[in-house]
file work_28.txt (compact mmCIF, C-alpha atoms)
# COMPACT_ATOMS: atom_id res chain seq x y z
CA MET A 1 -36.06 23.16 -136.50
CA PHE A 2 -38.16 20.86 -138.64
CA LEU A 3 -37.20 22.83 -141.76
CA ILE A 4 -33.51 21.96 -141.45
CA LYS A 5 -34.22 18.39 -140.49
CA ASN A 6 -36.63 17.96 -143.37
CA LEU A 7 -34.19 19.38 -145.89
CA THR A 8 -31.46 17.06 -144.64
CA ARG A 9 -33.66 14.06 -145.18
CA ILE A 10 -34.79 14.85 -148.68
CA SER A 11 -32.02 16.89 -150.27
CA PRO A 12 -30.57 15.12 -153.33
CA THR A 13 -27.13 16.43 -152.37
CA THR A 14 -26.92 14.50 -149.12
CA SER A 15 -24.48 11.61 -149.00
CA SER A 16 -26.98 9.41 -147.13
CA ILE A 17 -29.44 9.74 -149.99
CA VAL A 18 -26.72 8.86 -152.52
CA THR A 19 -25.82 5.77 -150.51
CA ARG A 20 -29.48 4.78 -150.39
CA PHE A 21 -29.80 5.11 -154.15
CA ARG A 22 -26.70 3.02 -154.83
CA SER A 23 -27.83 0.25 -152.52
CA THR A 24 -31.29 -0.12 -154.03
CA GLY A 25 -31.06 -3.15 -156.28
CA SER A 26 -29.81 -2.39 -159.77
CA PHE A 27 -30.77 1.27 -159.52
CA THR A 28 -27.92 3.73 -160.13
CA LEU A 29 -27.59 7.47 -160.18
CA ALA A 30 -26.91 7.36 -163.90
CA SER A 31 -30.46 6.15 -164.55
CA ARG A 32 -31.91 9.29 -162.96
CA PHE A 33 -29.33 12.09 -163.09
CA CYS A 34 -27.32 13.19 -166.07
CA THR A 35 -24.92 15.95 -167.03
CA ALA A 36 -24.40 17.77 -170.28
CA SER A 37 -21.01 16.17 -170.84
CA GLU A 38 -21.13 12.92 -168.90
CA THR A 39 -23.24 9.81 -168.91
CA GLN A 40 -22.75 9.27 -165.20
CA ILE A 41 -22.51 11.88 -162.49
CA GLN A 42 -20.38 11.84 -159.40
CA SER A 43 -21.89 12.39 -155.99
CA PRO A 44 -22.99 16.04 -155.78
CA ALA A 45 -21.37 16.18 -152.34
CA LYS A 46 -17.95 16.05 -154.08
CA PHE A 47 -18.54 19.29 -155.98
CA SER A 48 -16.30 22.15 -154.87
CA ASN A 49 -16.90 25.85 -155.23
CA ASP A 50 -14.60 25.93 -158.27
CA VAL A 51 -16.58 23.39 -160.30
CA ASP A 52 -18.78 24.71 -163.10
CA ARG A 53 -22.07 23.35 -161.85
CA SER A 54 -23.97 24.70 -164.85
CA GLN A 55 -22.98 21.38 -166.51
CA TYR A 56 -25.36 19.60 -164.14
CA SER A 57 -28.46 18.88 -166.16
CA GLY A 58 -30.69 17.27 -163.55
CA LEU A 59 -33.30 14.54 -163.97
CA SER A 60 -33.25 12.87 -167.37
CA PRO A 61 -36.37 11.43 -169.05
CA THR A 62 -37.69 8.18 -167.61
CA ARG A 63 -36.70 4.97 -169.34
CA GLU A 64 -38.64 1.91 -170.33
CA GLY A 65 -39.55 -0.10 -167.26
CA GLU A 66 -39.37 2.87 -164.91
CA LYS A 67 -42.40 4.47 -163.32
CA PRO A 68 -43.70 7.60 -165.11
CA ARG A 69 -42.69 10.84 -163.37
CA VAL A 70 -45.22 13.41 -162.17
CA VAL A 71 -43.63 16.80 -161.48
CA VAL A 72 -45.59 19.10 -159.15
CA LEU A 73 -44.69 22.80 -159.06
CA GLY A 74 -45.72 24.20 -155.68
CA SER A 75 -46.37 23.05 -152.12
CA GLY A 76 -49.63 24.84 -151.37
CA TRP A 77 -53.10 23.46 -150.78
CA ALA A 78 -53.66 22.16 -154.31
CA GLY A 79 -50.21 20.69 -154.85
CA CYS A 80 -50.10 18.95 -151.46
CA ARG A 81 -53.59 17.54 -151.89
CA LEU A 82 -52.51 16.02 -155.20
CA MET A 83 -49.24 14.62 -153.81
CA LYS A 84 -51.03 13.12 -150.82
CA GLY A 85 -53.54 11.25 -152.97
CA ILE A 86 -51.37 10.14 -155.87
CA ASP A 87 -50.53 6.41 -156.08
CA THR A 88 -46.75 6.19 -155.72
CA ASN A 89 -46.86 2.54 -156.77
CA ILE A 90 -47.73 3.83 -160.23
CA TYR A 91 -45.95 7.18 -160.39
CA ASP A 92 -42.75 8.76 -159.14
CA VAL A 93 -43.40 12.17 -157.60
CA VAL A 94 -41.06 15.16 -157.88
CA CYS A 95 -41.99 18.38 -156.10
CA VAL A 96 -40.33 21.72 -156.85
CA SER A 97 -41.10 24.55 -154.44
CA PRO A 98 -39.36 27.46 -152.68
CA ARG A 99 -40.59 26.08 -149.34
CA ASN A 100 -40.35 22.52 -147.99
CA HIS A 101 -43.63 22.64 -146.09
CA MET A 102 -47.31 23.42 -146.48
CA VAL A 103 -48.82 26.32 -144.54
CA PHE A 104 -52.29 26.04 -142.97
CA THR A 105 -53.13 29.63 -143.90
CA PRO A 106 -56.47 29.99 -141.99
CA LEU A 107 -54.55 29.79 -138.70
CA LEU A 108 -51.58 31.90 -139.78
CA ALA A 109 -53.06 35.04 -138.20
CA SER A 110 -53.12 33.32 -134.81
CA THR A 111 -49.35 32.82 -134.86
CA CYS A 112 -48.76 36.58 -135.18
CA VAL A 113 -50.00 37.20 -131.64
CA GLY A 114 -48.79 33.98 -129.98
CA THR A 115 -52.12 32.14 -129.85
CA LEU A 116 -50.45 29.36 -131.86
CA GLU A 117 -46.81 28.50 -132.41
CA PHE A 118 -45.45 28.67 -135.95
CA ARG A 119 -44.73 24.95 -136.11
CA SER A 120 -48.43 24.28 -135.52
CA VAL A 121 -49.42 25.69 -138.92
CA ALA A 122 -46.69 24.11 -141.07
CA GLU A 123 -46.42 20.49 -142.24
CA PRO A 124 -43.29 19.13 -143.96
CA ILE A 125 -43.78 17.85 -147.51
CA SER A 126 -42.10 14.55 -146.60
CA ARG A 127 -44.91 13.84 -144.13
CA ILE A 128 -47.62 14.70 -146.62
CA GLN A 129 -46.06 12.37 -149.21
CA PRO A 130 -43.54 10.00 -147.52
CA ALA A 131 -42.40 8.59 -150.88
CA ILE A 132 -40.48 11.82 -151.48
CA SER A 133 -38.02 10.95 -148.70
CA ARG A 134 -37.80 7.19 -149.16
CA GLU A 135 -38.46 6.18 -152.78
CA PRO A 136 -35.44 6.26 -155.14
CA GLY A 137 -37.36 7.97 -157.96
CA SER A 138 -39.19 10.61 -155.93
CA TYR A 139 -37.61 13.90 -154.84
CA PHE A 140 -38.18 17.31 -153.36
CA PHE A 141 -36.13 20.24 -154.70
CA LEU A 142 -35.96 23.55 -152.84
CA ALA A 143 -36.03 25.70 -155.96
CA ASN A 144 -38.09 27.95 -158.21
CA CYS A 145 -39.25 26.98 -161.67
CA SER A 146 -38.04 29.59 -164.14
CA ARG A 147 -39.23 28.21 -167.48
CA LEU A 148 -41.42 25.53 -169.01
CA ASP A 149 -40.37 23.77 -172.21
CA ALA A 150 -43.55 21.91 -173.09
CA GLU A 151 -42.19 20.63 -176.39
CA ALA A 152 -39.22 18.93 -174.70
CA HIS A 153 -41.30 17.93 -171.64
CA GLU A 154 -38.88 19.76 -169.32
CA VAL A 155 -39.01 22.39 -166.60
CA HIS A 156 -36.02 24.65 -165.94
CA CYS A 157 -35.36 25.31 -162.25
CA GLU A 158 -33.06 27.39 -160.10
CA THR A 159 -32.15 26.71 -156.47
CA LEU A 160 -32.74 29.27 -153.74
CA THR A 161 -29.88 31.21 -152.21
CA ASP A 162 -29.56 32.64 -148.73
CA GLY A 163 -28.05 36.08 -149.10
CA LEU A 164 -25.12 37.41 -151.09
CA ASN A 165 -22.39 35.34 -149.42
CA THR A 166 -23.73 31.97 -150.53
CA LEU A 167 -23.12 29.95 -153.67
CA LYS A 168 -24.60 31.09 -156.94
CA PRO A 169 -28.01 29.61 -157.85
CA TRP A 170 -27.76 26.11 -159.26
CA LYS A 171 -29.70 25.79 -162.51
CA PHE A 172 -31.01 22.39 -163.54
CA LYS A 173 -33.70 20.71 -165.65
CA ILE A 174 -36.31 18.11 -164.81
CA ALA A 175 -37.90 15.94 -167.47
CA TYR A 176 -41.53 15.04 -166.80
CA ASP A 177 -44.13 12.61 -168.07
CA LYS A 178 -46.94 14.60 -166.44
CA LEU A 179 -46.61 18.16 -165.15
CA VAL A 180 -48.96 19.72 -162.61
CA VAL A 181 -48.58 23.47 -162.12
CA ALA A 182 -49.78 24.37 -158.61
CA SER A 183 -47.62 27.43 -158.01
CA GLY A 184 -50.41 29.48 -156.41
CA ALA A 185 -50.78 33.24 -156.65
CA GLU A 186 -49.05 36.29 -155.20
CA ALA A 187 -50.32 39.26 -153.21
CA SER A 188 -51.86 42.06 -155.24
CA THR A 189 -50.42 45.54 -154.73
CA PHE A 190 -52.31 47.18 -157.65
CA GLY A 191 -49.12 49.01 -158.54
CA ILE A 192 -49.34 51.25 -155.46
CA GLN A 193 -45.99 52.82 -154.70
CA GLY A 194 -44.31 51.82 -151.44
CA VAL A 195 -46.33 48.69 -150.66
CA MET A 196 -43.54 46.20 -151.29
CA GLU A 197 -41.03 48.25 -149.30
CA ASN A 198 -43.14 49.13 -146.24
CA ALA A 199 -46.04 46.70 -145.85
CA ILE A 200 -46.01 43.13 -144.55
CA PHE A 201 -48.11 40.46 -146.24
CA LEU A 202 -49.66 37.50 -144.44
CA ARG A 203 -49.18 34.48 -146.67
CA GLU A 204 -46.12 32.65 -145.32
CA VAL A 205 -44.71 31.70 -141.92
CA HIS A 206 -41.91 34.24 -142.22
CA HIS A 207 -44.55 36.97 -142.79
CA ALA A 208 -46.21 36.04 -139.50
CA GLN A 209 -42.83 36.01 -137.76
CA GLU A 210 -42.06 39.49 -139.07
CA ILE A 211 -45.47 40.82 -137.93
CA ARG A 212 -44.96 39.36 -134.46
CA ARG A 213 -41.45 40.81 -134.20
CA LYS A 214 -42.59 44.24 -135.39
CA LEU A 215 -45.59 44.30 -133.04
CA LEU A 216 -43.57 43.42 -129.95
CA LEU A 217 -40.78 45.82 -130.90
CA ASN A 218 -43.23 48.72 -131.23
CA LEU A 219 -44.74 47.89 -127.84
CA MET A 220 -41.28 48.07 -126.28
CA LEU A 221 -40.24 51.27 -128.06
CA SER A 222 -43.46 53.09 -127.25
CA ASP A 223 -42.68 52.87 -123.53
CA THR A 224 -39.23 54.46 -123.89
CA PRO A 225 -38.75 57.62 -121.73
CA GLY A 226 -38.76 60.87 -123.70
CA ILE A 227 -40.67 59.61 -126.72
CA SER A 228 -43.26 62.10 -127.96
CA LYS A 229 -46.99 61.45 -127.66
CA GLU A 230 -47.44 61.61 -131.44
CA GLU A 231 -44.65 59.08 -132.03
CA LYS A 232 -46.11 56.76 -129.37
CA LYS A 233 -49.51 56.85 -131.08
CA ARG A 234 -47.91 56.14 -134.43
CA LEU A 235 -45.92 53.17 -133.14
CA LEU A 236 -49.01 51.68 -131.53
CA HIS A 237 -51.29 52.19 -134.53
CA CYS A 238 -51.77 48.90 -136.39
CA VAL A 239 -53.27 49.32 -139.87
CA VAL A 240 -54.71 46.46 -141.92
CA VAL A 241 -55.47 47.16 -145.58
CA GLY A 242 -58.02 44.79 -147.10
CA GLY A 243 -61.36 43.65 -145.73
CA GLY A 244 -61.27 40.09 -147.02
CA PRO A 245 -61.13 36.92 -144.89
CA THR A 246 -57.43 37.33 -144.04
CA GLY A 247 -57.70 41.03 -143.16
CA VAL A 248 -60.78 40.54 -140.99
CA GLU A 249 -59.33 37.48 -139.26
CA PHE A 250 -56.05 39.24 -138.47
CA SER A 251 -57.86 42.37 -137.22
CA GLY A 252 -59.91 40.19 -134.89
CA GLU A 253 -56.86 38.32 -133.61
CA LEU A 254 -54.99 41.57 -133.05
CA SER A 255 -57.85 43.23 -131.17
CA ASP A 256 -58.23 40.11 -129.02
CA PHE A 257 -54.51 40.23 -128.26
CA ILE A 258 -54.85 43.88 -127.22
CA MET A 259 -57.81 43.24 -124.94
CA LYS A 260 -56.41 40.14 -123.22
CA ASP A 261 -52.62 40.46 -123.28
CA VAL A 262 -51.57 44.05 -123.87
CA ARG A 263 -53.78 45.46 -121.15
CA GLN A 264 -52.25 43.03 -118.65
CA ARG A 265 -48.58 43.08 -119.69
CA TYR A 266 -48.19 46.58 -121.13
CA SER A 267 -50.40 48.66 -118.86
CA HIS A 268 -48.50 51.89 -119.61
CA VAL A 269 -49.56 51.88 -123.27
CA LYS A 270 -52.83 49.97 -123.12
CA ASP A 271 -54.95 53.02 -123.95
CA ASP A 272 -52.83 54.09 -126.93
CA ILE A 273 -52.78 50.96 -129.09
CA HIS A 274 -55.43 50.82 -131.82
CA VAL A 275 -56.35 48.79 -134.90
CA THR A 276 -57.70 50.32 -138.12
CA LEU A 277 -59.12 48.27 -140.99
CA ILE A 278 -59.14 50.02 -144.39
CA GLU A 279 -61.33 48.69 -147.21
CA ALA A 280 -62.48 50.29 -150.45
CA ARG A 281 -65.86 48.54 -150.36
CA ASP A 282 -67.75 46.40 -147.83
CA ILE A 283 -65.72 43.94 -145.77
CA LEU A 284 -66.20 40.25 -146.62
CA SER A 285 -68.00 41.31 -149.80
CA SER A 286 -68.03 37.75 -151.19
CA PHE A 287 -69.81 36.33 -148.12
CA ASP A 288 -73.43 36.25 -147.06
CA ASP A 289 -74.84 39.58 -145.89
CA ARG A 290 -75.73 38.24 -142.43
CA LEU A 291 -72.19 37.05 -141.88
CA ARG A 292 -70.85 40.41 -143.03
CA ARG A 293 -73.06 42.31 -140.55
CA TYR A 294 -72.03 39.96 -137.75
CA ALA A 295 -68.32 40.49 -138.54
CA ILE A 296 -68.72 44.28 -138.49
CA LYS A 297 -70.56 44.10 -135.16
CA GLN A 298 -67.85 41.94 -133.59
CA LEU A 299 -65.03 44.12 -134.90
CA ASN A 300 -66.68 47.27 -133.57
CA LYS A 301 -67.17 45.59 -130.21
CA SER A 302 -63.46 44.71 -130.15
CA GLY A 303 -62.48 48.30 -130.83
CA VAL A 304 -61.41 47.91 -134.47
CA ARG A 305 -61.96 51.12 -136.43
CA PHE A 306 -63.31 50.62 -139.95
CA VAL A 307 -62.29 53.18 -142.60
CA ARG A 308 -63.64 53.12 -146.13
CA GLY A 309 -61.13 54.39 -148.66
CA ILE A 310 -58.59 53.59 -151.35
CA VAL A 311 -54.87 53.70 -150.59
CA LYS A 312 -52.98 55.84 -153.10
CA ASP A 313 -49.47 55.93 -151.62
CA VAL A 314 -47.55 54.12 -148.88
CA GLN A 315 -44.63 55.78 -147.12
CA SER A 316 -42.36 54.50 -144.37
CA GLN A 317 -44.46 55.85 -141.50
CA LYS A 318 -47.80 56.77 -143.06
CA LEU A 319 -50.13 55.96 -145.93
CA ILE A 320 -52.26 58.36 -147.95
CA LEU A 321 -55.86 57.69 -149.00
CA ASP A 322 -57.57 58.86 -152.18
CA ASP A 323 -59.24 61.77 -150.36
CA GLY A 324 -55.87 63.05 -149.11
CA THR A 325 -56.20 61.68 -145.58
CA GLU A 326 -52.88 60.71 -144.01
CA VAL A 327 -52.88 57.65 -141.76
CA PRO A 328 -49.74 57.21 -139.59
CA TYR A 329 -48.89 53.63 -138.68
CA GLY A 330 -46.36 51.57 -136.79
CA LEU A 331 -47.40 48.24 -138.29
CA LEU A 332 -48.92 47.89 -141.77
CA VAL A 333 -50.36 44.56 -142.93
CA TRP A 334 -51.41 44.33 -146.59
CA SER A 335 -54.19 41.87 -147.38
CA THR A 336 -55.98 43.01 -150.53
CA GLY A 337 -56.25 39.69 -152.32
CA VAL A 338 -54.09 37.80 -154.78
CA GLY A 339 -53.38 37.76 -158.49
CA PRO A 340 -51.35 35.77 -161.03
CA SER A 341 -47.68 35.40 -160.12
CA SER A 342 -44.85 36.61 -162.33
CA PHE A 343 -44.05 32.99 -163.18
CA VAL A 344 -47.60 32.31 -164.37
CA ARG A 345 -47.60 35.52 -166.41
CA SER A 346 -44.33 34.51 -168.06
CA LEU A 347 -45.66 31.17 -169.29
CA GLY A 348 -46.70 31.08 -172.93
CA LEU A 349 -49.93 29.28 -172.09
CA PRO A 350 -53.55 30.32 -172.65
CA LYS A 351 -54.97 32.44 -169.84
CA ASP A 352 -58.43 32.82 -168.35
CA PRO A 353 -60.05 36.30 -168.11
CA THR A 354 -58.19 37.02 -164.84
CA GLY A 355 -54.74 36.19 -166.26
CA ARG A 356 -54.40 32.75 -164.68
CA ILE A 357 -53.52 29.57 -166.58
CA GLY A 358 -56.51 28.51 -168.66
CA ILE A 359 -57.77 24.96 -168.10
CA ASP A 360 -60.64 22.75 -169.28
CA GLU A 361 -63.05 20.82 -167.08
CA TRP A 362 -60.38 18.13 -166.45
CA MET A 363 -57.84 20.77 -165.34
CA ARG A 364 -55.78 20.17 -168.47
CA VAL A 365 -54.03 22.98 -170.34
CA PRO A 366 -55.53 22.36 -173.80
CA SER A 367 -52.72 23.83 -175.91
CA VAL A 368 -49.96 21.56 -174.53
CA GLN A 369 -49.71 17.86 -173.85
CA ASP A 370 -49.41 16.32 -170.38
CA VAL A 371 -49.66 19.65 -168.54
CA PHE A 372 -52.26 20.34 -165.85
CA ALA A 373 -52.90 23.38 -163.63
CA ILE A 374 -54.71 23.38 -160.29
CA GLY A 375 -55.31 25.80 -157.44
CA ASP A 376 -55.08 29.59 -157.45
CA CYS A 377 -52.78 29.67 -160.49
CA SER A 378 -55.51 28.28 -162.75
CA GLY A 379 -58.92 29.29 -164.04
CA TYR A 380 -61.45 27.93 -166.49
CA LEU A 381 -61.18 29.04 -170.10
CA GLU A 382 -64.13 30.99 -171.43
CA THR A 383 -64.83 28.19 -173.90
CA THR A 384 -65.74 25.85 -171.02
CA GLY A 385 -68.59 28.12 -169.92
CA LYS A 386 -67.58 27.62 -166.29
CA PRO A 387 -67.02 30.57 -163.92
CA THR A 388 -63.72 30.98 -162.09
CA LEU A 389 -64.03 29.63 -158.57
CA PRO A 390 -63.16 31.94 -155.67
CA ALA A 391 -60.32 30.96 -153.34
CA LEU A 392 -62.69 30.25 -150.46
CA ALA A 393 -63.50 27.31 -148.21
CA GLN A 394 -67.00 27.00 -149.73
CA VAL A 395 -65.52 25.42 -152.85
CA ASP A 396 -63.04 23.13 -151.09
CA ASN A 397 -65.20 20.05 -151.70
CA PHE A 398 -65.52 21.07 -155.33
CA HIS A 399 -61.75 21.24 -155.70
CA THR A 400 -61.41 17.86 -153.96
CA PHE A 401 -63.92 16.38 -156.40
CA PHE A 402 -61.98 17.56 -159.43
CA THR A 403 -58.63 16.57 -157.90
CA SER A 404 -59.97 13.02 -157.68
CA HIS A 405 -60.90 13.35 -161.35
CA LEU A 406 -57.30 14.30 -162.09
CA PHE A 407 -56.12 11.13 -160.32
CA LEU A 408 -58.52 9.17 -162.51
CA TYR A 409 -57.34 10.89 -165.67
CA LEU A 410 -53.67 10.17 -164.85
CA SER A 411 -54.50 6.52 -164.27
CA MET A 412 -56.44 6.29 -167.53
CA SER A 413 -53.61 7.89 -169.49
CA LEU A 414 -51.18 5.38 -168.01
CA ILE A 415 -53.35 2.45 -169.05
CA ASN A 416 -53.84 3.83 -172.55
call {"tool": "encode", "arguments": {"input": "work_28.txt", "output": "structure tokens"}}
result
Amino acid sequence: MFLIKNLTRISPTTSSIVTRFRSTGSFTLASRFCTASETQIQSPAKFSNDVDRSQYSGLSPTREGEKPRVVVLGSGWAGCRLMKGIDTNIYDVVCVSPRNHMVFTPLLASTCVGTLEFRSVAEPISRIQPAISREPGSYFFLANCSRLDAEAHEVHCETLTDGLNTLKPWKFKIAYDKLVVASGAEASTFGIQGVMENAIFLREVHHAQEIRRKLLLNLMLSDTPGISKEEKKRLLHCVVVGGGPTGVEFSGELSDFIMKDVRQRYSHVKDDIHVTLIEARDILSSFDDRLRRYAIKQLNKSGVRFVRGIVKDVQSQKLILDDGTEVPYGLLVWSTGVGPSSFVRSLGLPKDPTGRIGIDEWMRVPSVQDVFAIGDCSGYLETTGKPTLPALAQVDNFHTFFTSHLFLYLSMSLIN
């Protein structure tokens, strides 16, 4: 519910927002929005389906006397931390993201089995940075960034659509004074056939909702009269690929759900449901050895079966390992780590050894002016001599330290 409410409050196409802009002193829409053929734009609410909306250009460059504009691409940990700490008395903030909330990912696994509700792990952007919903120069746009024009200081964006029966994507531009790319990373599939079509990732709220729906559906179907024993075992076999923090956490949550809930509420199938964790190497390989041994001990105690192997092919009802072993499944969760997104790969910016946006020690992109990159989409250039930081909680304070340095650098650049 909060998603719809939040979008209503901050959408630039709402008539209440337009009224607020027009009633704020001498501020007018023409000073912020522009079109390709007009100097002043009508209220977007007056657009009909027949209007050529490609003429809508978006946010024009800031003028003398206006606050400089910081555009943030992304609403993940890094982007939200920056927006929360930035001084909106000095800067206008514009956020562009395909979701209007931040997800507390460490607790996402708990929502899959009902330990937590979905709304408990999501926070609207307008609460993280209230200026976005109340300041005339700050906005949130539910859109994807498709291109960066560093020379013109513009980003090209495209709104999201909801299915085939909705309006065509609305393309627009946003001029920036400072740009912070915090678009995150995407799940790695390593080019394995069938992963995108058959597996479920665990990175967004809708992923957790799909896992929960699939899990409960399989529990119901497995108790249907006349179903074969082999099909029942397949439906109740939950496979997790990837022994990192997310895979281990979800396996633990799932086994706990089986021991405490399934055995009480689904007594007819309680002995047939199982969890298998597949990992090519050791689980939690980036953690301390004592913690890794403890995790294995707890998973074994919970009944999680650990299989060492490499997935070669994923089909609709089974996956095949490198040694030819076939593993039937009813629920497949893919958690093998992350890599650079297609957007990051498309940018003509220097990259670090892992393919992420290359930055210096101040999180600047050296080859372009006024562009920064933070979070999982960025990595230190080899010339800095600094290693790429893992996406783990151990370095959270380190990221916070350098985010504060970015605030300082923005303030210094404004003074100079």
call {"tool": "closest_residue", "arguments": {"input": "work_28.txt", "among": "A:Ala131, A:Val180, A:Leu236, A:Leu215", "to": "Val371 in chain A", "atoms": "all atoms listed in the file"}}
result
A:Val180
call {"tool": "residues_around", "arguments": {"input": "work_28.txt", "residues": "range 107-110 of chain A", "least_positions_apart": "5", "cutoff": "6 Å", "atoms": "all atoms listed in the file", "output": "list in words"}}
result
Thr115, Leu116 and Phe250 of chain A
call {"tool": "atom_distance", "arguments": {"input": "work_28.txt", "atom1": "CA of Leu254 in chain A", "atom2": "CA of Thr105 in chain A"}}
result
16.2 Å
call {"tool": "residues_around", "arguments": {"input": "work_28.txt", "residues": "His268 in chain A", "least_positions_apart": "4", "cutoff": "9 Å", "atoms": "all atoms listed in the file", "output": "PyMOL selection string"}}
result
chain A and resi 223+263+272
call {"tool": "residues_around", "arguments": {"input": "work_28.txt", "residues": "range 142-145 of chain A", "least_positions_apart": "5", "cutoff": "6 Å", "atoms": "all atoms listed in the file", "output": "VMD selection string"}}
result
chain A and resid 96 to 98 156 to 160
call {"tool": "residues_around", "arguments": {"input": "work_28.txt", "residues": "Arg147 in chain A", "least_positions_apart": "6", "cutoff": "12 Å", "atoms": "all atoms listed in the file", "output": "PyMOL selection string"}}
result
chain A and resi 73+153-158+171-174+181+342-349
call {"tool": "atom_distance", "arguments": {"input": "work_28.txt", "atom1": "CA of Gly324 in chain A", "atom2": "CA of Lys312 in chain A"}}
result
8.7 Å
call {"tool": "closest_residue", "arguments": {"input": "work_28.txt", "among": "A:Val240, A:Val368, A:Leu179, A:Ile283", "to": "Glu151 in chain A", "atoms": "only C-alpha atoms"}}
result
A:Val368
call {"tool": "closest_residue", "arguments": {"input": "work_28.txt", "among": "A:Val113, A:Leu217, A:Ile296, A:Val71", "to": "Gly243 in chain A", "atoms": "only C-alpha atoms"}}
result
A:Ile296
call {"tool": "atom_distance", "arguments": {"input": "work_28.txt", "atom1": "CA of Glu66 in chain A", "atom2": "CA of Arg134 in chain A"}}
result
16.4 Å
call {"tool": "closest_residue", "arguments": {"input": "work_28.txt", "among": "A:Lys178, A:Ser183, A:Tyr91, A:Gly242", "to": "Arg364 in chain A", "atoms": "only C-alpha atoms"}}
result
A:Lys178
call {"tool": "residues_around", "arguments": {"input": "work_28.txt", "residues": "Cys377 in chain A", "least_positions_apart": "6", "cutoff": "9 Å", "atoms": "all atoms listed in the file", "output": "VMD selection string"}}
result
chain A and resid 181 to 185 339 to 341 344 355 to 357
call {"tool": "residues_near_point", "arguments": {"input": "work_28.txt", "point": "(-52.2, 47.3, -126.6)", "cutoff": "12 Å", "atoms": "all atoms listed in the file", "output": "mmCIF file with C-alpha atoms, in the frame of the given file"}}
result
data_model
loop_
_atom_site.group_PDB
_atom_site.id
_atom_site.type_symbol
_atom_site.label_atom_id
_atom_site.label_comp_id
_atom_site.auth_asym_id
_atom_site.auth_seq_id
_atom_site.Cartn_x
_atom_site.Cartn_y
_atom_site.Cartn_z
ATOM 1 C CA VAL A 113 -50.000 37.200 -131.640
ATOM 2 C CA LEU A 215 -45.590 44.300 -133.040
ATOM 3 C CA LEU A 216 -43.570 43.420 -129.950
ATOM 4 C CA ASN A 218 -43.230 48.720 -131.230
ATOM 5 C CA LEU A 219 -44.740 47.890 -127.840
ATOM 6 C CA MET A 220 -41.280 48.070 -126.280
ATOM 7 C CA SER A 222 -43.460 53.090 -127.250
ATOM 8 C CA ASP A 223 -42.680 52.870 -123.530
ATOM 9 C CA LYS A 232 -46.110 56.760 -129.370
ATOM 10 C CA LYS A 233 -49.510 56.850 -131.080
ATOM 11 C CA LEU A 235 -45.920 53.170 -133.140
ATOM 12 C CA LEU A 236 -49.010 51.680 -131.530
ATOM 13 C CA HIS A 237 -51.290 52.190 -134.530
ATOM 14 C CA CYS A 238 -51.770 48.900 -136.390
ATOM 15 C CA LEU A 254 -54.990 41.570 -133.050
ATOM 16 C CA SER A 255 -57.850 43.230 -131.170
ATOM 17 C CA ASP A 256 -58.230 40.110 -129.020
ATOM 18 C CA PHE A 257 -54.510 40.230 -128.260
ATOM 19 C CA ILE A 258 -54.850 43.880 -127.220
ATOM 20 C CA MET A 259 -57.810 43.240 -124.940
ATOM 21 C CA LYS A 260 -56.410 40.140 -123.220
ATOM 22 C CA ASP A 261 -52.620 40.460 -123.280
ATOM 23 C CA VAL A 262 -51.570 44.050 -123.870
ATOM 24 C CA ARG A 263 -53.780 45.460 -121.150
ATOM 25 C CA GLN A 264 -52.250 43.030 -118.650
ATOM 26 C CA ARG A 265 -48.580 43.080 -119.690
ATOM 27 C CA TYR A 266 -48.190 46.580 -121.130
ATOM 28 C CA SER A 267 -50.400 48.660 -118.860
ATOM 29 C CA HIS A 268 -48.500 51.890 -119.610
ATOM 30 C CA VAL A 269 -49.560 51.880 -123.270
ATOM 31 C CA LYS A 270 -52.830 49.970 -123.120
ATOM 32 C CA ASP A 271 -54.950 53.020 -123.950
ATOM 33 C CA ASP A 272 -52.830 54.090 -126.930
ATOM 34 C CA ILE A 273 -52.780 50.960 -129.090
ATOM 35 C CA HIS A 274 -55.430 50.820 -131.820
ATOM 36 C CA VAL A 275 -56.350 48.790 -134.900
ATOM 37 C CA GLY A 303 -62.480 48.300 -130.830
#
call {"tool": "closest_residue", "arguments": {"input": "work_28.txt", "among": "A:Asp323, A:Glu204, A:Asp313, A:Asp282", "to": "Ile192 in chain A", "atoms": "all atoms listed in the file"}}
result
A:Asp313
call {"tool": "closest_residue", "arguments": {"input": "work_28.txt", "among": "A:Cys80, A:Thr224, A:Asp92, A:Phe104", "to": "Ser126 in chain A", "atoms": "all atoms listed in the file"}}
result
A:Cys80
call {"tool": "build_atoms", "arguments": {"input": "work_28.txt", "residues": "range 233-237 of chain A", "atoms": "N, CA and C atoms", "output": "PDB file, keeping the file's coordinate frame"}}
result
ATOM      1  N   LYS A 233     -48.262  57.224-130.410  1.00  0.00           N
ATOM      2  CA  LYS A 233     -49.510  56.850-131.080  1.00  0.00           C
ATOM      3  C   LYS A 233     -49.247  56.200-132.429  1.00  0.00           C
ATOM      4  N   ARG A 234     -48.229  56.722-133.130  1.00  0.00           N
ATOM      5  CA  ARG A 234     -47.910  56.140-134.430  1.00  0.00           C
ATOM      6  C   ARG A 234     -47.391  54.704-134.285  1.00  0.00           C
ATOM      7  N   LEU A 235     -46.473  54.502-133.340  1.00  0.00           N
ATOM      8  CA  LEU A 235     -45.920  53.170-133.140  1.00  0.00           C
ATOM      9  C   LEU A 235     -46.987  52.150-132.765  1.00  0.00           C
ATOM     10  N   LEU A 236     -47.976  52.589-132.027  1.00  0.00           N
ATOM     11  CA  LEU A 236     -49.010  51.680-131.530  1.00  0.00           C
ATOM     12  C   LEU A 236     -50.252  51.633-132.415  1.00  0.00           C
ATOM     13  N   HIS A 237     -50.165  52.235-133.600  1.00  0.00           N
ATOM     14  CA  HIS A 237     -51.290  52.190-134.530  1.00  0.00           C
ATOM     15  C   HIS A 237     -51.055  51.077-135.547  1.00  0.00           C
TER      16      HIS A 237
END
